[in-house]
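Structure data (mmCIF, C-alpha atoms) from run-v5.cif:
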data_start
loop_
_atom_site.label_atom_id
_atom_site.label_comp_id
_atom_site.auth_asym_id
_atom_site.auth_seq_id
_atom_site.Cartn_x
_atom_site.Cartn_y
_atom_site.Cartn_z
CA MET A 1 25.95 105.01 50.54
CA ASN A 2 28.49 102.95 48.59
CA LYS A 3 29.71 104.95 45.56
CA VAL A 4 33.04 104.96 43.74
CA MET A 5 34.17 107.22 40.89
CA LEU A 6 37.53 106.57 39.23
CA ILE A 7 39.43 107.97 36.25
CA GLY A 8 42.41 105.94 35.16
CA ASN A 9 44.13 103.85 32.53
CA VAL A 10 43.36 100.22 31.71
CA GLY A 11 46.29 97.97 32.70
CA LYS A 12 45.62 95.10 30.28
CA ASP A 13 42.93 93.99 27.86
CA PRO A 14 39.70 93.00 29.63
CA GLU A 15 39.06 89.36 30.51
CA VAL A 16 35.53 88.44 29.41
CA ARG A 17 33.62 85.29 30.33
CA TYR A 18 30.18 84.20 29.20
CA PHE A 19 27.82 82.06 31.24
CA GLU A 20 24.21 80.88 31.09
CA ALA A 21 21.90 82.57 28.58
CA ASP A 22 24.61 84.70 26.93
CA GLN A 23 25.34 86.70 30.11
CA ALA A 24 28.80 88.32 30.17
CA VAL A 25 31.23 89.34 32.90
CA ALA A 26 34.26 91.48 32.08
CA GLN A 27 37.13 92.18 34.45
CA LEU A 28 40.02 94.60 34.11
CA THR A 29 42.51 96.50 36.20
CA LEU A 30 42.46 100.29 36.27
CA ALA A 31 45.44 102.41 37.36
CA THR A 32 44.76 105.73 39.06
CA THR A 33 47.65 108.08 39.81
CA GLU A 34 47.97 110.88 42.32
CA ARG A 35 50.53 113.36 41.04
CA GLY A 36 53.63 113.97 43.12
CA TYR A 37 54.46 117.34 44.60
CA THR A 38 57.17 119.21 46.47
CA LEU A 39 56.69 120.34 50.07
CA GLN A 40 57.68 123.85 51.18
CA ASN A 41 60.82 122.45 52.81
CA GLY A 42 61.91 120.98 49.44
CA THR A 43 60.97 117.37 50.15
CA ARG A 44 59.78 115.68 46.95
CA VAL A 45 56.72 113.43 47.25
CA PRO A 46 56.62 111.07 44.22
CA ASP A 47 53.59 110.05 42.14
CA HIS A 48 51.48 107.30 43.71
CA THR A 49 49.63 104.76 41.56
CA ASP A 50 46.84 102.50 42.84
CA TRP A 51 45.49 99.50 40.91
CA HIS A 52 41.75 98.75 41.09
CA ASN A 53 39.93 95.56 40.09
CA ILE A 54 36.85 96.52 38.05
CA VAL A 55 33.98 94.12 37.23
CA PHE A 56 31.35 94.78 34.53
CA TYR A 57 28.19 92.70 33.99
CA ARG A 58 25.71 92.03 31.17
CA GLY A 59 25.48 94.62 28.37
CA LEU A 60 28.17 96.84 29.84
CA ALA A 61 30.55 93.85 29.83
CA LYS A 62 29.87 93.32 26.13
CA VAL A 63 30.61 96.99 25.41
CA VAL A 64 33.86 96.69 27.36
CA GLU A 65 34.78 93.57 25.38
CA LYS A 66 34.32 95.40 22.07
CA TYR A 67 35.75 98.84 22.75
CA VAL A 68 38.06 98.87 25.78
CA HIS A 69 41.74 97.99 25.38
CA LYS A 70 44.97 98.19 27.33
CA GLY A 71 46.02 101.83 27.85
CA ASP A 72 42.57 103.36 27.32
CA LYS A 73 41.52 106.09 29.74
CA LEU A 74 38.21 105.33 31.48
CA TYR A 75 35.81 106.95 33.87
CA VAL A 76 34.17 104.23 35.97
CA GLU A 77 31.32 104.67 38.41
CA GLY A 78 30.15 101.89 40.68
CA ARG A 79 30.25 100.46 44.19
CA LEU A 80 32.80 98.62 46.31
CA ARG A 81 32.54 94.92 47.01
CA TYR A 82 34.76 92.98 49.38
CA ARG A 83 35.04 89.22 49.23
CA THR A 84 37.26 86.46 50.57
CA TYR A 85 38.30 83.05 49.34
CA ASP A 86 40.74 80.32 50.32
CA ASP A 87 43.58 79.76 47.86
CA GLN A 88 45.04 76.37 46.87
CA ARG A 89 47.20 76.29 49.99
CA GLY A 90 44.24 77.07 52.26
CA ILE A 91 45.29 80.67 52.94
CA LYS A 92 42.43 83.15 53.20
CA ARG A 93 42.70 85.86 50.53
CA TYR A 94 40.88 89.19 50.50
CA VAL A 95 39.73 90.92 47.31
CA THR A 96 38.39 94.44 46.84
CA GLU A 97 36.49 95.08 43.59
CA VAL A 98 34.52 97.89 42.02
CA LEU A 99 31.23 96.68 40.53
CA ALA A 100 30.76 99.08 37.64
CA ASP A 101 27.33 100.61 37.03
CA ASN A 102 28.47 103.21 34.52
CA MET A 103 31.51 103.73 32.32
CA GLU A 104 32.74 106.48 30.02
CA LEU A 105 35.51 105.97 27.49
CA LEU A 106 37.76 109.04 27.69
CA SER A 107 40.42 107.99 25.18
CA PRO A 108 40.15 109.49 21.70
CA LYS A 109 38.56 107.17 19.19
CA ARG A 110 41.08 105.69 16.82
CA GLY A 111 41.17 107.61 13.55
CA THR A 112 39.15 110.69 14.62
CA SER A 113 40.25 114.17 15.59
CA SER A 114 37.01 115.84 16.65
CA GLU A 115 37.05 116.80 20.33
CA ALA A 116 33.29 116.22 20.57
CA GLU A 117 33.84 112.61 19.52
CA ASP A 118 36.62 112.03 22.07
CA LYS A 119 34.17 111.03 24.80
CA THR A 120 31.78 108.13 24.57
CA GLU A 121 29.31 107.57 27.40
CA MET A 122 27.98 104.13 28.23
CA SER A 123 25.63 103.00 30.96
CA GLY A 124 24.90 99.59 32.37
CA SER A 125 21.20 100.38 32.63
CA SER A 126 20.55 101.22 28.97
CA GLU A 127 22.16 100.16 25.76
CA THR A 128 21.20 102.44 22.91
CA THR A 129 23.14 102.17 19.71
CA THR A 130 22.34 103.39 16.25
CA PRO A 131 23.22 101.23 13.29
CA THR A 132 25.66 102.60 10.78
CA ASN A 133 26.87 101.48 7.40
CA ASP A 134 30.40 102.73 8.02
CA THR A 135 32.22 99.95 9.89
CA THR A 136 35.12 102.19 10.92
CA LYS A 137 32.97 104.29 13.25
CA LEU A 138 31.71 103.17 16.64
CA PRO A 139 27.91 102.86 16.86
CA PHE A 140 27.52 105.43 19.65
#

Write the structure described by the file as C-alpha coordinates, please.
Amino acid sequence: MNKVMLIGNVGKDPEVRYFEADQAVAQLTLATTERGYTLQNGTRVPDHTDWHNIVFYRGLAKVVEKYVHKGDKLYVEGRLRYRTYDDQRGIKRYVTEVLADNMELLSPKRGTSSEAEDKTEMSGSSETTTPTNDTTKLPF
(Lines of atoms letter the chains of each structure in order from A and count residues from 1; the text may use other names and numbers.)
(Lines give C-alpha, C1' and ligand atoms only; values in the text may rest on other atoms or scores of the structure.)
Protein backbone atom coordinates (compact mmCIF):
# COMPACT_ATOMS: atom_id res chain seq x y z
CA MET A 1 0.00 0.00 0.00
CA ASN A 2 1.27 3.47 -0.91
CA LYS A 3 -0.67 6.10 1.09
CA VAL A 4 0.36 9.52 2.39
CA MET A 5 -1.64 11.91 4.59
CA LEU A 6 -0.23 15.36 5.34
CA ILE A 7 -1.44 18.49 7.11
CA GLY A 8 0.65 21.57 6.52
CA ASN A 9 0.96 25.07 5.14
CA VAL A 10 1.41 26.01 1.49
CA GLY A 11 4.88 27.52 0.91
CA LYS A 12 4.07 29.56 -2.20
CA ASP A 13 1.22 30.02 -4.65
CA PRO A 14 0.63 26.91 -6.78
CA GLU A 15 2.25 26.63 -10.21
CA VAL A 16 -0.39 25.52 -12.72
CA ARG A 17 0.22 24.32 -16.27
CA TYR A 18 -2.31 23.32 -18.90
CA PHE A 19 -1.68 20.78 -21.63
CA GLU A 20 -3.68 18.95 -24.31
CA ALA A 21 -7.47 19.10 -24.12
CA ASP A 22 -7.61 21.56 -21.19
CA GLN A 23 -5.92 19.16 -18.74
CA ALA A 24 -4.28 20.86 -15.75
CA VAL A 25 -1.36 20.03 -13.47
CA ALA A 26 -0.76 22.05 -10.30
CA GLN A 27 2.34 21.84 -8.13
CA LEU A 28 3.03 23.34 -4.73
CA THR A 29 5.22 22.85 -1.71
CA LEU A 30 3.69 21.96 1.64
CA ALA A 31 5.47 22.48 4.97
CA THR A 32 4.75 20.06 7.80
CA THR A 33 6.17 20.75 11.26
CA GLU A 34 6.83 18.43 14.16
CA ARG A 35 6.69 20.44 17.37
CA GLY A 36 9.80 20.60 19.53
CA TYR A 37 9.91 19.26 23.05
CA THR A 38 12.12 19.08 26.12
CA LEU A 39 13.62 15.79 27.30
CA GLN A 40 13.55 14.79 30.98
CA ASN A 41 17.22 15.76 31.31
CA GLY A 42 16.39 19.31 30.13
CA THR A 43 17.70 18.97 26.58
CA ARG A 44 15.56 21.05 24.20
CA VAL A 45 14.67 19.44 20.86
CA PRO A 46 13.64 22.19 18.40
CA ASP A 47 10.74 22.17 15.92
CA HIS A 48 11.48 20.26 12.71
CA THR A 49 9.93 21.32 9.39
CA ASP A 50 9.83 19.13 6.27
CA TRP A 51 8.94 20.42 2.79
CA HIS A 52 6.91 18.17 0.48
CA ASN A 53 6.38 18.51 -3.28
CA ILE A 54 2.67 17.99 -4.02
CA VAL A 55 1.24 17.38 -7.52
CA PHE A 56 -2.46 17.70 -8.41
CA TYR A 57 -4.03 16.64 -11.72
CA ARG A 58 -7.18 17.43 -13.73
CA GLY A 59 -10.16 18.88 -11.83
CA LEU A 60 -8.37 18.92 -8.50
CA ALA A 61 -5.60 21.01 -10.10
CA LYS A 62 -8.18 23.54 -11.27
CA VAL A 63 -9.64 23.76 -7.76
CA VAL A 64 -6.15 24.31 -6.36
CA GLU A 65 -5.53 27.04 -8.94
CA LYS A 66 -8.69 28.91 -7.88
CA TYR A 67 -8.72 28.53 -4.11
CA VAL A 68 -5.28 27.61 -2.72
CA HIS A 69 -2.77 30.34 -1.90
CA LYS A 70 0.51 30.77 -0.06
CA GLY A 71 0.05 30.24 3.69
CA ASP A 72 -3.18 28.21 3.45
CA LYS A 73 -3.44 25.15 5.67
CA LEU A 74 -4.20 21.96 3.70
CA TYR A 75 -4.91 18.33 4.33
CA VAL A 76 -3.55 16.31 1.40
CA GLU A 77 -4.04 12.62 0.79
CA GLY A 78 -2.24 10.76 -1.96
CA ARG A 79 0.65 8.44 -2.81
CA LEU A 80 4.41 8.76 -3.07
CA ARG A 81 6.19 8.85 -6.40
CA TYR A 82 9.94 8.80 -6.88
CA ARG A 83 11.57 9.90 -10.10
CA THR A 84 14.99 10.81 -11.42
CA TYR A 85 16.29 13.11 -14.12
CA ASP A 86 19.62 14.42 -15.35
CA ASP A 87 20.15 18.15 -14.84
CA GLN A 88 21.85 20.52 -17.30
CA ARG A 89 25.29 19.46 -16.08
CA GLY A 90 24.47 15.76 -16.46
CA ILE A 91 24.13 15.11 -12.72
CA LYS A 92 21.40 12.65 -11.77
CA ARG A 93 18.78 14.27 -9.53
CA TYR A 94 16.21 12.48 -7.39
CA VAL A 95 12.72 13.85 -6.71
CA THR A 96 10.12 12.65 -4.23
CA GLU A 97 6.54 13.84 -4.87
CA VAL A 98 3.11 13.25 -3.42
CA LEU A 99 0.50 12.64 -6.12
CA ALA A 100 -2.63 14.05 -4.51
CA ASP A 101 -5.88 12.11 -4.75
CA ASN A 102 -7.79 14.17 -2.20
CA MET A 103 -7.41 17.59 -0.62
CA GLU A 104 -9.18 19.51 2.12
CA LEU A 105 -8.77 23.24 2.63
CA LEU A 106 -8.41 23.80 6.38
CA SER A 107 -7.83 27.56 6.37
CA PRO A 108 -10.83 29.73 7.21
CA LYS A 109 -12.52 31.19 4.17
CA ARG A 110 -11.78 34.84 3.72
CA GLY A 111 -14.58 36.99 5.11
CA THR A 112 -16.47 34.29 7.06
CA SER A 113 -16.55 33.47 10.75
CA SER A 114 -18.69 30.33 10.90
CA GLU A 115 -16.72 27.34 12.17
CA ALA A 116 -18.79 24.99 9.99
CA GLU A 117 -17.62 26.90 6.93
CA ASP A 118 -13.95 26.77 7.92
CA LYS A 119 -13.42 23.40 6.24
CA THR A 120 -13.95 22.74 2.57
CA GLU A 121 -13.54 19.20 1.27
CA MET A 122 -12.49 18.48 -2.29
CA SER A 123 -11.83 15.20 -4.04
CA GLY A 124 -10.02 14.41 -7.25
CA SER A 125 -12.61 11.80 -8.17
CA SER A 126 -15.70 14.01 -8.11
CA GLU A 127 -16.26 17.68 -8.68
CA THR A 128 -19.62 18.79 -7.39
CA THR A 129 -20.27 22.47 -7.11
CA THR A 130 -23.49 24.37 -6.75
CA PRO A 131 -23.92 27.63 -8.60
CA THR A 132 -24.47 30.73 -6.56
CA ASN A 133 -25.37 34.30 -7.39
CA ASP A 134 -23.17 35.70 -4.63
CA THR A 135 -19.65 35.98 -6.09
CA THR A 136 -18.01 36.47 -2.69
CA LYS A 137 -18.79 32.93 -1.54
CA LEU A 138 -17.01 29.82 -2.72
CA PRO A 139 -19.24 27.40 -4.68
CA PHE A 140 -18.77 24.49 -2.26

Carefully work through the PyMOL selection byres ((chain A and resi 95) around 12) for this structure and note down the residues it includes, as a list in words.
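That selection, the PyMOL selection byres ((chain A and resi 95) around 12), comes back as His52, Asn53, Ile54, Leu80, Arg81, Tyr82, Arg83, Thr84, Tyr85, Asp86, Asp87, Lys92, Arg93, Tyr94, Thr96, Glu97 and Val98 of chain A.
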
Keeping C-alpha atoms, export the residues of the selection given above as a PDB file, in the frame of the given file.
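And here is the file that came out, result.pdb:
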ATOM      1  CA  HIS A  52      41.750  98.750  41.090  1.00  0.00           C
ATOM      2  CA  ASN A  53      39.930  95.560  40.090  1.00  0.00           C
ATOM      3  CA  ILE A  54      36.850  96.520  38.050  1.00  0.00           C
ATOM      4  CA  LEU A  80      32.800  98.620  46.310  1.00  0.00           C
ATOM      5  CA  ARG A  81      32.540  94.920  47.010  1.00  0.00           C
ATOM      6  CA  TYR A  82      34.760  92.980  49.380  1.00  0.00           C
ATOM      7  CA  ARG A  83      35.040  89.220  49.230  1.00  0.00           C
ATOM      8  CA  THR A  84      37.260  86.460  50.570  1.00  0.00           C
ATOM      9  CA  TYR A  85      38.300  83.050  49.340  1.00  0.00           C
ATOM     10  CA  ASP A  86      40.740  80.320  50.320  1.00  0.00           C
ATOM     11  CA  ASP A  87      43.580  79.760  47.860  1.00  0.00           C
ATOM     12  CA  LYS A  92      42.430  83.150  53.200  1.00  0.00           C
ATOM     13  CA  ARG A  93      42.700  85.860  50.530  1.00  0.00           C
ATOM     14  CA  TYR A  94      40.880  89.190  50.500  1.00  0.00           C
ATOM     15  CA  THR A  96      38.390  94.440  46.840  1.00  0.00           C
ATOM     16  CA  GLU A  97      36.490  95.080  43.590  1.00  0.00           C
ATOM     17  CA  VAL A  98      34.520  97.890  42.020  1.00  0.00           C
TER      18      VAL A  98
END

Spell out the residues picked by the PyMOL selection byres ((chain A and resi 13-15) around 10) here, as a PyMOL selection string.
chain A and resi 10-12+16-17+25-29+54-56+61+64-72

I need the residue nearest Ala31 (chain A) from this list: A:Val76, A:Leu105, A:Leu99, A:Ile7. Use all atoms listed in the file for the distance.
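The shortest atom-to-atom distance to Ala31 (chain A) comes from A:Ile7.
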
Work out how far CA of Glu77 (chain A) is from CA of Gly59 (chain A), in Å to one decimal.
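These atoms are spaced 15.4 Å apart.
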
Quick one: distance from CA of Leu6 (chain A) to CA of Tyr75 (chain A) in Å, one decimal?
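Result for CA of Leu6 (chain A) versus CA of Tyr75 (chain A): 5.6 Å, one decimal.
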